[in-house]
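Note sheet for the following structure.
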Number of protein chains: 2
Amino acid sequence: MSLATTTDLYEVTMALSYLREGMRAPAVFSLFTRDLPPGRGFLVAAGLEPALDFLAGYWIGPEDVDDFAAALHRPRQDLEPLLGLEFEGEVRAVPEGRAVLPGEPLLEVTAPLPQAQLVETFLLNQVSHQTAVASKAARCVLAAAGRPVVDFSLRRTHGLQAGMQAARLGAMTGFAATSNVAAAAAYGIAATGTMAHSYIEAFPGEEEAFRAFARAHPGPVTFLVDTYDTEAGTRTAARVLRELGLAQGCAVRLDSGDLADLAVRARRILDDAGLEQVRIVASGGLDEYGVDDLVRAGAPVDVFAVGTRVGVAADAPYLDSAYKLVEYDGRPVMKLSSAKVTAPAPKQVHRRPGHPDVIALREEEPPPGSSPLLETVMRDGRRTGPPDTLGAARERLAADLAALPEEALRVRGPRSARPVVSDRLAGLTRTVRHRIEDAVLRHPPQR
Amino acid sequence: MSLATTTDLYEVTMALSYLREGMRAPAVFSLFTRDLPPGRGFLVAAGLEPALDFLAGYWIGPEDVDDFAAALHRPRQDLEPLLGLEFEGEVRAVPEGRAVLPGEPLLEVTAPLPQAQLVETFLLNQVSHQTAVASKAARCVLAAAGRPVVDFSLRRTHGLQAGMQAARLGAMTGFAATSNVAAAAAYGIAATGTMAHSYIEAFPGEEEAFRAFARAHPGPVTFLVDTYDTEAGTRTAARVLRELGLAQGCAVRLDSGDLADLAVRARRILDDAGLEQVRIVASGGLDEYGVDDLVRAGAPVDVFAVGTRVGVAADAPYLDSAYKLVEYDGRPVMKLSSAKVTAPAPKQVHRRPGHPDVIALREEEPPPGSSPLLETVMRDGRRTGPPDTLGAARERLAADLAALPEEALRVRGPRSARPVVSDRLAGLTRTVRHRIEDAVLRHPPQR
């Protein structure tokens, strides 16, 4: 699979036309999300690092040209103007981990028009879904109110690549570990996981299974106790742990049923056995809503394992994102079609404690005491600095969440803070709209 | 990214324990979906071909062992029992494209226990999400009632791999084309796509844009007409098409607003210009519900482009799938935990026209006139035949849909047909449940 051909065909048809017309002037595209999905009070910027890797390595090779020609049923020579094309532009972007609001550009590309156009599909794909998943993951950490959250999503993500990204985004938003071994190795994340119901069932009974597991894995163990009957399973686990002299670092996992109630019962069984140190892991269909329910119920759950619903961002599996041309060859442009009006020109977002974010023209002076959200991360097709780290992203997120109003952070019924638009950007939007209405609509050009 | 390490860690911890205990007897795991998501009357089996490729190539290499050891904080030598492990089992599965119902096994693996366990995460990942997406895609084709549907999902799928799969699954369920060039090349699918709003905006006006596009792309063209005002855009498109002598194979695309109303207006403008042959493509947030609305409204839309919502299966982005041990070393096993009871033993599903599907024990005689859903597709870790084709899957789906009741095929409020369970399977389920309750719960083994 070539990254250059993993694109919508129309990027190619447009690029060919731009090249034919000599339209290689700088274009600015802005990637943003129009609205937040219901159930979100903020988004967590994500996907930038893979996007920059892609842009830095972008190159249309001979086999890509063959695939383009085949897709268009055109002779190869018609597509040869694209051969060797690389990305040589500038990227300004919100670093991963920052909290962003609707309408705020996540990323702006400035490059010769064909280049800026050709990378659209990849950038939207990576930034949209990673921002969607990171935003949900961050809400799980908020809901857990300080208790560890771990990622069990790999089996239900949309493919393995999505599972790798979900693990990375979990780590970025504060998860303690992932079940995904490859992601643990690739991103330096702690790995976690012990046994499935099948393991218990393969033995004659739970006790034999627990003992066998401890034989194979010296040190702390986690026993899954709900295969047949959770209370009976917990009692068996407690007996085995006591007999083996295990407690510190050990846990039981509850994966079904009324987790709040079962956690209370399991805690009592463990405490009665003198196993106060043994922790309780809850899993099974959890996301921020389930975690919040357990926390509010005061359930004695020590670790929340979230999976499917977080890995696919089940209640908001996509974002209403767009990659829109905002300037071409110095001329600000915009779209007017119903409900999808976009604002013209390159932008910057200014954030200031205690004030709403301001979406302004890039060229405007920043308000006093504000800091800009978009940073220049690529120039001439090369990164301006070393790759970002998950730790740095995690710190940015923690700082941004601390500054958001409580109502944006709520698990249920969150309300997003709304950015304001600067006077100059609002004025330019009006001017460009009038110019288009006048030039394009009322007086369509004649040949 | 190694495929062997892209797994939940617990598969590894369990496999190690199985090997230590000498538990290499044949295990049967069954992959099935407990319930259909709301809004689904059937599922389309998908993901088998990638799953078989994975199983045929499964091998734990030295670097995988290193990653496992690092994940577990164990010395490498502790993990060496896994080195060189391959998949040598049997797979019986429902071929891609077949309509399946809740509770019906999609796939059963019979292999030495460690092998059958280790492949769980991959199989669930591939089969679950591909079946989810294929099921939604099939509903789009049903909603379109014979008009072509094309795939525009790549920009919002959960990564590029998911975008490749969405294009493949669209083709499997009857889509006419995809925007994804790499998928078109990889799977032999027709590619489609012309221009974005950015293309229009990069020119001084729509007319210049349309003319430039036609210069670069001789032959039929599709003009996007809603950048500023859909009716004005359609009139401009009509004028350019007429002046260029184009009509046959050409189209206009509507991507926003009230598509039903705008399609009527666009059709009238085109017809008034003598462009009856020019077709109308509708896009923008469509899935089976939006397509159904347009079809029921009698909107003169000729081609439906669906994207985001189908590519992420937005209203049902995951399935309640499970990969459950049903037999170990000849002993049928099951799980009893609340709401997640599973049925023991290897199974077969018998389908007979005019009758409900029967889920039976594998060893049972088929009901007269029935045909089995699960076929043996792999033996001793090798495919039993050549890879399946998309065309064959498409034919299976068409035949199965023709046999489903109307209420299962409805776009809104579908009702699934329910399979029945054979007497022998029901009896065995009772027996095993009693055996477990007796042996494991009432009389827990003592050391």
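Scheme for the structure tokens: letters A, B, ... for chains in order shown; per-chain residue numbers from 1; ligand numbers from 1 in order shown.
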Need the shell around Glu80 in chain A: protein/DNA/RNA residues with any atom at most 12 Å away, counting only C-alpha atoms. Skip same-chain ones fewer than 4 positions apart. Format as a PDB file with all heavy atoms, in the first residue's frame?
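Ended up saving to selection22.pdb:
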ATOM      1  N   VAL A  12      -6.058  13.865  -7.129  1.00  0.00           N
ATOM      2  CA  VAL A  12      -5.190  13.660  -8.290  1.00  0.00           C
ATOM      3  C   VAL A  12      -5.733  14.405  -9.507  1.00  0.00           C
ATOM      4  O   VAL A  12      -4.987  15.083 -10.220  1.00  0.00           O
ATOM      5  CB  VAL A  12      -5.062  12.147  -8.591  1.00  0.00           C
ATOM      6  CG1 VAL A  12      -4.170  11.896  -9.791  1.00  0.00           C
ATOM      7  CG2 VAL A  12      -4.576  11.408  -7.357  1.00  0.00           C
ATOM      8  N   ALA A  15      -5.086  18.058  -8.913  1.00  0.00           N
ATOM      9  CA  ALA A  15      -3.667  18.413  -9.018  1.00  0.00           C
ATOM     10  C   ALA A  15      -3.219  18.459 -10.469  1.00  0.00           C
ATOM     11  O   ALA A  15      -2.473  19.359 -10.882  1.00  0.00           O
ATOM     12  CB  ALA A  15      -2.819  17.416  -8.224  1.00  0.00           C
ATOM     13  N   LEU A  16      -3.696  17.493 -11.257  1.00  0.00           N
ATOM     14  CA  LEU A  16      -3.338  17.482 -12.683  1.00  0.00           C
ATOM     15  C   LEU A  16      -3.798  18.758 -13.371  1.00  0.00           C
ATOM     16  O   LEU A  16      -3.081  19.351 -14.185  1.00  0.00           O
ATOM     17  CB  LEU A  16      -4.010  16.301 -13.370  1.00  0.00           C
ATOM     18  CG  LEU A  16      -3.245  15.000 -13.464  1.00  0.00           C
ATOM     19  CD1 LEU A  16      -4.065  14.020 -14.295  1.00  0.00           C
ATOM     20  CD2 LEU A  16      -1.866  15.210 -14.083  1.00  0.00           C
ATOM     21  N   LEU A  19      -1.670  21.760 -12.328  1.00  0.00           N
ATOM     22  CA  LEU A  19      -0.368  21.767 -13.002  1.00  0.00           C
ATOM     23  C   LEU A  19      -0.522  22.205 -14.451  1.00  0.00           C
ATOM     24  O   LEU A  19       0.278  22.983 -14.968  1.00  0.00           O
ATOM     25  CB  LEU A  19       0.277  20.373 -12.917  1.00  0.00           C
ATOM     26  CG  LEU A  19       0.718  19.945 -11.508  1.00  0.00           C
ATOM     27  CD1 LEU A  19       1.175  18.493 -11.503  1.00  0.00           C
ATOM     28  CD2 LEU A  19       1.849  20.861 -10.995  1.00  0.00           C
ATOM     29  N   ARG A  20      -1.556  21.728 -15.081  1.00  0.00           N
ATOM     30  CA  ARG A  20      -1.792  22.088 -16.485  1.00  0.00           C
ATOM     31  C   ARG A  20      -2.028  23.592 -16.645  1.00  0.00           C
ATOM     32  O   ARG A  20      -1.606  24.204 -17.630  1.00  0.00           O
ATOM     33  CB  ARG A  20      -3.012  21.330 -17.002  1.00  0.00           C
ATOM     34  CG  ARG A  20      -3.241  21.456 -18.495  1.00  0.00           C
ATOM     35  CD  ARG A  20      -4.477  20.682 -18.903  1.00  0.00           C
ATOM     36  NE  ARG A  20      -4.531  20.469 -20.337  1.00  0.00           N
ATOM     37  CZ  ARG A  20      -4.818  21.404 -21.227  1.00  0.00           C
ATOM     38  NH1 ARG A  20      -5.048  22.628 -20.833  1.00  0.00           N
ATOM     39  NH2 ARG A  20      -4.841  21.105 -22.516  1.00  0.00           N
ATOM     40  N   ILE A  60       5.642  11.078  -4.925  1.00  0.00           N
ATOM     41  CA  ILE A  60       4.891  10.305  -5.915  1.00  0.00           C
ATOM     42  C   ILE A  60       5.883   9.574  -6.807  1.00  0.00           C
ATOM     43  O   ILE A  60       6.667  10.207  -7.524  1.00  0.00           O
ATOM     44  CB  ILE A  60       3.963  11.216  -6.735  1.00  0.00           C
ATOM     45  CG1 ILE A  60       2.891  11.820  -5.813  1.00  0.00           C
ATOM     46  CG2 ILE A  60       3.316  10.429  -7.874  1.00  0.00           C
ATOM     47  CD1 ILE A  60       1.913  12.742  -6.503  1.00  0.00           C
ATOM     48  N   GLY A  61       5.867   8.258  -6.712  1.00  0.00           N
ATOM     49  CA  GLY A  61       6.820   7.445  -7.458  1.00  0.00           C
ATOM     50  C   GLY A  61       6.214   6.859  -8.718  1.00  0.00           C
ATOM     51  O   GLY A  61       5.014   7.031  -8.989  1.00  0.00           O
ATOM     52  N   PRO A  62       7.022   6.139  -9.490  1.00  0.00           N
ATOM     53  CA  PRO A  62       6.553   5.598 -10.774  1.00  0.00           C
ATOM     54  C   PRO A  62       5.358   4.657 -10.625  1.00  0.00           C
ATOM     55  O   PRO A  62       4.438   4.692 -11.446  1.00  0.00           O
ATOM     56  CB  PRO A  62       7.773   4.833 -11.299  1.00  0.00           C
ATOM     57  CG  PRO A  62       8.945   5.377 -10.555  1.00  0.00           C
ATOM     58  CD  PRO A  62       8.446   5.881  -9.250  1.00  0.00           C
ATOM     59  N   GLU A  63       5.347   3.844  -9.574  1.00  0.00           N
ATOM     60  CA  GLU A  63       4.214   2.933  -9.407  1.00  0.00           C
ATOM     61  C   GLU A  63       2.945   3.678  -9.024  1.00  0.00           C
ATOM     62  O   GLU A  63       1.837   3.264  -9.379  1.00  0.00           O
ATOM     63  CB  GLU A  63       4.543   1.874  -8.351  1.00  0.00           C
ATOM     64  CG  GLU A  63       5.670   0.955  -8.822  1.00  0.00           C
ATOM     65  CD  GLU A  63       6.000  -0.115  -7.797  1.00  0.00           C
ATOM     66  OE1 GLU A  63       5.258  -0.240  -6.793  1.00  0.00           O
ATOM     67  OE2 GLU A  63       6.996  -0.828  -8.006  1.00  0.00           O
ATOM     68  N   ASP A  64       3.117   4.776  -8.290  1.00  0.00           N
ATOM     69  CA  ASP A  64       1.950   5.596  -7.963  1.00  0.00           C
ATOM     70  C   ASP A  64       1.341   6.171  -9.238  1.00  0.00           C
ATOM     71  O   ASP A  64       0.121   6.188  -9.405  1.00  0.00           O
ATOM     72  CB  ASP A  64       2.358   6.743  -7.027  1.00  0.00           C
ATOM     73  CG  ASP A  64       2.956   6.240  -5.724  1.00  0.00           C
ATOM     74  OD1 ASP A  64       2.492   5.196  -5.224  1.00  0.00           O
ATOM     75  OD2 ASP A  64       3.882   6.888  -5.218  1.00  0.00           O
ATOM     76  N   VAL A  65       2.218   6.631 -10.134  1.00  0.00           N
ATOM     77  CA  VAL A  65       1.735   7.186 -11.398  1.00  0.00           C
ATOM     78  C   VAL A  65       0.985   6.118 -12.194  1.00  0.00           C
ATOM     79  O   VAL A  65      -0.070   6.391 -12.783  1.00  0.00           O
ATOM     80  CB  VAL A  65       2.921   7.773 -12.208  1.00  0.00           C
ATOM     81  CG1 VAL A  65       2.509   8.094 -13.629  1.00  0.00           C
ATOM     82  CG2 VAL A  65       3.457   9.019 -11.501  1.00  0.00           C
ATOM     83  N   ASP A  66       1.494   4.907 -12.153  1.00  0.00           N
ATOM     84  CA  ASP A  66       0.777   3.803 -12.831  1.00  0.00           C
ATOM     85  C   ASP A  66      -0.619   3.621 -12.241  1.00  0.00           C
ATOM     86  O   ASP A  66      -1.599   3.438 -12.977  1.00  0.00           O
ATOM     87  CB  ASP A  66       1.556   2.484 -12.674  1.00  0.00           C
ATOM     88  CG  ASP A  66       2.833   2.459 -13.502  1.00  0.00           C
ATOM     89  OD1 ASP A  66       2.934   3.267 -14.454  1.00  0.00           O
ATOM     90  OD2 ASP A  66       3.714   1.653 -13.185  1.00  0.00           O
ATOM     91  N   ASP A  67      -0.692   3.645 -10.910  1.00  0.00           N
ATOM     92  CA  ASP A  67      -2.000   3.446 -10.275  1.00  0.00           C
ATOM     93  C   ASP A  67      -2.953   4.602 -10.590  1.00  0.00           C
ATOM     94  O   ASP A  67      -4.151   4.393 -10.789  1.00  0.00           O
ATOM     95  CB  ASP A  67      -1.852   3.299  -8.751  1.00  0.00           C
ATOM     96  CG  ASP A  67      -1.283   1.931  -8.362  1.00  0.00           C
ATOM     97  OD1 ASP A  67      -1.262   1.021  -9.213  1.00  0.00           O
ATOM     98  OD2 ASP A  67      -0.870   1.779  -7.196  1.00  0.00           O
ATOM     99  N   PHE A  68      -2.410   5.801 -10.612  1.00  0.00           N
ATOM    100  CA  PHE A  68      -3.257   6.952 -10.953  1.00  0.00           C
ATOM    101  C   PHE A  68      -3.786   6.805 -12.388  1.00  0.00           C
ATOM    102  O   PHE A  68      -4.963   7.053 -12.662  1.00  0.00           O
ATOM    103  CB  PHE A  68      -2.474   8.275 -10.841  1.00  0.00           C
ATOM    104  CG  PHE A  68      -2.091   8.653  -9.431  1.00  0.00           C
ATOM    105  CD1 PHE A  68      -0.953   9.423  -9.192  1.00  0.00           C
ATOM    106  CD2 PHE A  68      -2.862   8.270  -8.342  1.00  0.00           C
ATOM    107  CE1 PHE A  68      -0.592   9.798  -7.900  1.00  0.00           C
ATOM    108  CE2 PHE A  68      -2.511   8.638  -7.035  1.00  0.00           C
ATOM    109  CZ  PHE A  68      -1.368   9.406  -6.822  1.00  0.00           C
ATOM    110  N   ALA A  69      -2.897   6.432 -13.296  1.00  0.00           N
ATOM    111  CA  ALA A  69      -3.305   6.291 -14.698  1.00  0.00           C
ATOM    112  C   ALA A  69      -4.377   5.216 -14.846  1.00  0.00           C
ATOM    113  O   ALA A  69      -5.379   5.403 -15.557  1.00  0.00           O
ATOM    114  CB  ALA A  69      -2.092   5.964 -15.567  1.00  0.00           C
ATOM    115  N   ARG A  74      -6.335   6.587 -18.122  1.00  0.00           N
ATOM    116  CA  ARG A  74      -5.586   7.528 -18.968  1.00  0.00           C
ATOM    117  C   ARG A  74      -4.232   6.918 -19.282  1.00  0.00           C
ATOM    118  O   ARG A  74      -3.700   6.115 -18.507  1.00  0.00           O
ATOM    119  CB  ARG A  74      -5.349   8.854 -18.212  1.00  0.00           C
ATOM    120  CG  ARG A  74      -6.617   9.587 -17.775  1.00  0.00           C
ATOM    121  CD  ARG A  74      -7.162  10.502 -18.856  1.00  0.00           C
ATOM    122  NE  ARG A  74      -6.262  11.560 -19.251  1.00  0.00           N
ATOM    123  CZ  ARG A  74      -6.291  12.796 -18.720  1.00  0.00           C
ATOM    124  NH1 ARG A  74      -7.158  13.104 -17.770  1.00  0.00           N
ATOM    125  NH2 ARG A  74      -5.479  13.729 -19.165  1.00  0.00           N
ATOM    126  N   PRO A  75      -3.621   7.326 -20.390  1.00  0.00           N
ATOM    127  CA  PRO A  75      -2.258   6.857 -20.655  1.00  0.00           C
ATOM    128  C   PRO A  75      -1.314   7.360 -19.563  1.00  0.00           C
ATOM    129  O   PRO A  75      -1.503   8.462 -19.028  1.00  0.00           O
ATOM    130  CB  PRO A  75      -1.903   7.486 -22.007  1.00  0.00           C
ATOM    131  CG  PRO A  75      -3.105   8.222 -22.475  1.00  0.00           C
ATOM    132  CD  PRO A  75      -4.126   8.240 -21.409  1.00  0.00           C
ATOM    133  N   ARG A  76      -0.298   6.551 -19.281  1.00  0.00           N
ATOM    134  CA  ARG A  76       0.628   6.900 -18.210  1.00  0.00           C
ATOM    135  C   ARG A  76       1.226   8.291 -18.395  1.00  0.00           C
ATOM    136  O   ARG A  76       1.412   9.036 -17.442  1.00  0.00           O
ATOM    137  CB  ARG A  76       1.740   5.848 -18.182  1.00  0.00           C
ATOM    138  CG  ARG A  76       2.656   5.974 -16.990  1.00  0.00           C
ATOM    139  CD  ARG A  76       3.730   4.912 -17.024  1.00  0.00           C
ATOM    140  NE  ARG A  76       4.420   4.845 -15.743  1.00  0.00           N
ATOM    141  CZ  ARG A  76       5.294   5.748 -15.317  1.00  0.00           C
ATOM    142  NH1 ARG A  76       5.594   6.803 -16.047  1.00  0.00           N
ATOM    143  NH2 ARG A  76       5.870   5.603 -14.123  1.00  0.00           N
ATOM    144  N   GLY A  84       7.445  12.329  -9.043  1.00  0.00           N
ATOM    145  CA  GLY A  84       8.480  12.981  -8.244  1.00  0.00           C
ATOM    146  C   GLY A  84       7.972  14.107  -7.357  1.00  0.00           C
ATOM    147  O   GLY A  84       8.764  14.723  -6.630  1.00  0.00           O
ATOM    148  N   LEU A  85       6.697  14.375  -7.402  1.00  0.00           N
ATOM    149  CA  LEU A  85       6.169  15.474  -6.586  1.00  0.00           C
ATOM    150  C   LEU A  85       6.375  15.184  -5.107  1.00  0.00           C
ATOM    151  O   LEU A  85       6.111  14.088  -4.628  1.00  0.00           O
ATOM    152  CB  LEU A  85       4.683  15.681  -6.904  1.00  0.00           C
ATOM    153  CG  LEU A  85       3.995  16.900  -6.303  1.00  0.00           C
ATOM    154  CD1 LEU A  85       2.982  17.493  -7.279  1.00  0.00           C
ATOM    155  CD2 LEU A  85       3.318  16.551  -4.984  1.00  0.00           C
TER     156      LEU A  85
END
(message) Can you tell me, as a list in words, which residues in range 103-239 of chain A count as strand (DSSP E) by DSSP?
(response)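 Residues of range 103-239 of chain A classed as strand (DSSP E): Leu107, Glu108, Val109, Thr110, Ala111, Pro112, Val149, Val150, Asp151, Ala177, Thr178, Thr222, Phe223 and Leu224 of chain A.
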Selected residues, N, CA and C atoms, written as a CSV table (one decimal), in the first residue's frame, please.
chain,number,residue,atom,x,y,z
A,107,LEU,N,-4.8,22.7,12.2
A,107,LEU,CA,-3.6,22.6,11.3
A,107,LEU,C,-3.8,23.5,10.1
A,108,GLU,N,-2.8,24.2,9.7
A,108,GLU,CA,-2.9,24.9,8.4
A,108,GLU,C,-1.7,24.6,7.6
A,109,VAL,N,-1.9,24.3,6.3
A,109,VAL,CA,-0.9,24.0,5.4
A,109,VAL,C,-0.7,25.1,4.4
A,110,THR,N,0.5,25.5,4.2
A,110,THR,CA,0.8,26.5,3.1
A,110,THR,C,1.8,25.9,2.2
A,111,ALA,N,1.4,25.7,0.9
A,111,ALA,CA,2.3,25.0,0.0
A,111,ALA,C,1.8,25.3,-1.4
A,112,PRO,N,2.6,25.1,-2.4
A,112,PRO,CA,2.1,25.2,-3.8
A,112,PRO,C,0.8,24.4,-3.9
A,149,VAL,N,-6.7,4.2,34.4
A,149,VAL,CA,-7.5,3.7,33.3
A,149,VAL,C,-6.5,3.0,32.4
A,150,VAL,N,-6.9,1.8,31.8
A,150,VAL,CA,-6.0,1.1,30.9
A,150,VAL,C,-6.8,0.8,29.6
A,151,ASP,N,-6.1,0.6,28.5
A,151,ASP,CA,-6.7,0.4,27.2
A,151,ASP,C,-6.8,-1.1,26.8
A,177,ALA,N,-1.8,2.1,31.0
A,177,ALA,CA,-1.2,1.0,30.3
A,177,ALA,C,-2.1,0.6,29.1
A,178,THR,N,-1.6,-0.3,28.3
A,178,THR,CA,-2.4,-0.9,27.2
A,178,THR,C,-2.2,-2.4,27.2
A,222,THR,N,-3.3,-11.1,38.3
A,222,THR,CA,-4.7,-10.7,38.3
A,222,THR,C,-5.5,-11.9,37.9
A,223,PHE,N,-6.5,-12.2,38.8
A,223,PHE,CA,-7.4,-13.3,38.5
A,223,PHE,C,-8.7,-12.9,38.0
A,224,LEU,N,-9.2,-13.4,36.9
A,224,LEU,CA,-10.5,-13.1,36.4
A,224,LEU,C,-11.5,-14.0,37.1
(message) Just the number, please: distance in Å from CA of Asp423 in chain B to CA of Ala27 in chain B, one decimal.
(response)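 Spanning CA of Asp423 in chain B to CA of Ala27 in chain B is a straight-line distance of 23.6 Å.
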(message) Could you list, as an MDAnalysis selection string, every residue within 12 Å of His158 in chain A, counting only C-alpha atoms and ignoring same-chain residues fewer than 6 positions away?
(response) (chainID A and resid 129 133 164:166 308:314 317) or (chainID B and resid 47 122 124:133 156:166 311:314 317:319)
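Between CA of Tyr289 in chain A and CA of Gly413 in chain A there is a distance of 11.1 Å.
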(request) Based on DSSP run over this structure's backbone, return all residues of range 14-257 of chain A in alpha helix (DSSP H), as a VMD selection string. (result) chain A and resid 14 to 21 48 to 57 62 to 72 76 to 79 113 to 118 120 to 144 160 to 172 181 to 187 197 to 202 206 to 216 230 to 244
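One finds CA of Gly41 in chain B at 22.5 Å from CA of Gly285 in chain A.
Restricting the calculation to only C-alpha atoms, the smallest distance between Thr236 in chain A and any of A:Glu207, A:Pro344, A:Leu259, A:Glu90 is found for A:Glu207.
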(message) Counting only C-alpha atoms, which residue out of B:Arg40, B:Tyr323, B:Ala260, B:Glu96 sits closest to Gln117 in chain B?
(response)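 Closest residue, counting only C-alpha atoms: B:Tyr323.
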(request) Might you pull out every residue within 9 Å of Gly369 in chain B, with only C-alpha atoms counted and same-chain residues fewer than 5 positions away left off, and present them as JSON, numbers by chain? (result) {"B": [351, 352, 353]}
(request) Between B:Met378, B:Leu241, B:Ala202, B:Ala196, single out the one closest to Gly89 in chain B, counting only C-alpha atoms. (result)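 Checking each of B:Met378, B:Leu241, B:Ala202, B:Ala196 against Gly89 in chain B, counting only C-alpha atoms, the winner is B:Met378.
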(message) When you look at Asp292 in chain B with a cut-off of 9 Å (counting only C-alpha atoms), what residues show up, excluding the ones that are within fewer than 4 positions of it in the same chain? I need them as an MDAnalysis selection string.
(response) chainID B and resid 140 142:145 287:288 296:297 411
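Minimum atom-to-atom distances from A:Ala138, A:Val303, A:Tyr228, A:Gly57 to His434 in chain B were compared using only C-alpha atoms, and the lowest value belongs to A:Tyr228.
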(request) Check the smallest atom-to-atom distance from each of A:Gln115, A:Ser337, A:Ser153, A:Ser30 to chain B using only C-alpha atoms, then report the winner. (result)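 The shortest atom-to-atom distance to chain B comes from A:Ser337.
Proximity to Gly427 in chain A was assessed for A:Ala273, A:Ala345, A:Met195, A:Leu397 counting only C-alpha atoms; the smallest distance is recorded for A:Ala345.
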All residues 8 Å or closer to Arg383 in chain B, only C-alpha atoms, same chain fewer than 6 positions away omitted, as a PDB file with N, CA and C atoms, in the first residue's frame:
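part-v9.pdb, written as the output of this step:
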ATOM      1  N   LEU B  52      -7.552 -15.293   7.171  1.00  0.00           N
ATOM      2  CA  LEU B  52      -6.861 -16.501   6.703  1.00  0.00           C
ATOM      3  C   LEU B  52      -5.418 -16.191   6.294  1.00  0.00           C
ATOM      4  N   ALA B  56      -2.316 -18.099   8.033  1.00  0.00           N
ATOM      5  CA  ALA B  56      -1.359 -18.848   7.205  1.00  0.00           C
ATOM      6  C   ALA B  56       0.061 -18.347   7.435  1.00  0.00           C
ATOM      7  N   VAL B 377     -12.284 -23.939   5.641  1.00  0.00           N
ATOM      8  CA  VAL B 377     -11.485 -23.078   4.752  1.00  0.00           C
ATOM      9  C   VAL B 377      -9.995 -23.198   5.025  1.00  0.00           C
TER      10      VAL B 377
END
(message) Which residues are close to Gly274 in chain B, i.e. within 9 Å by only C-alpha atoms, leaving aside same-chain residues fewer than 4 positions away? Reply as a ChimeraX atom specification.
(response) /B:238,242,269-270
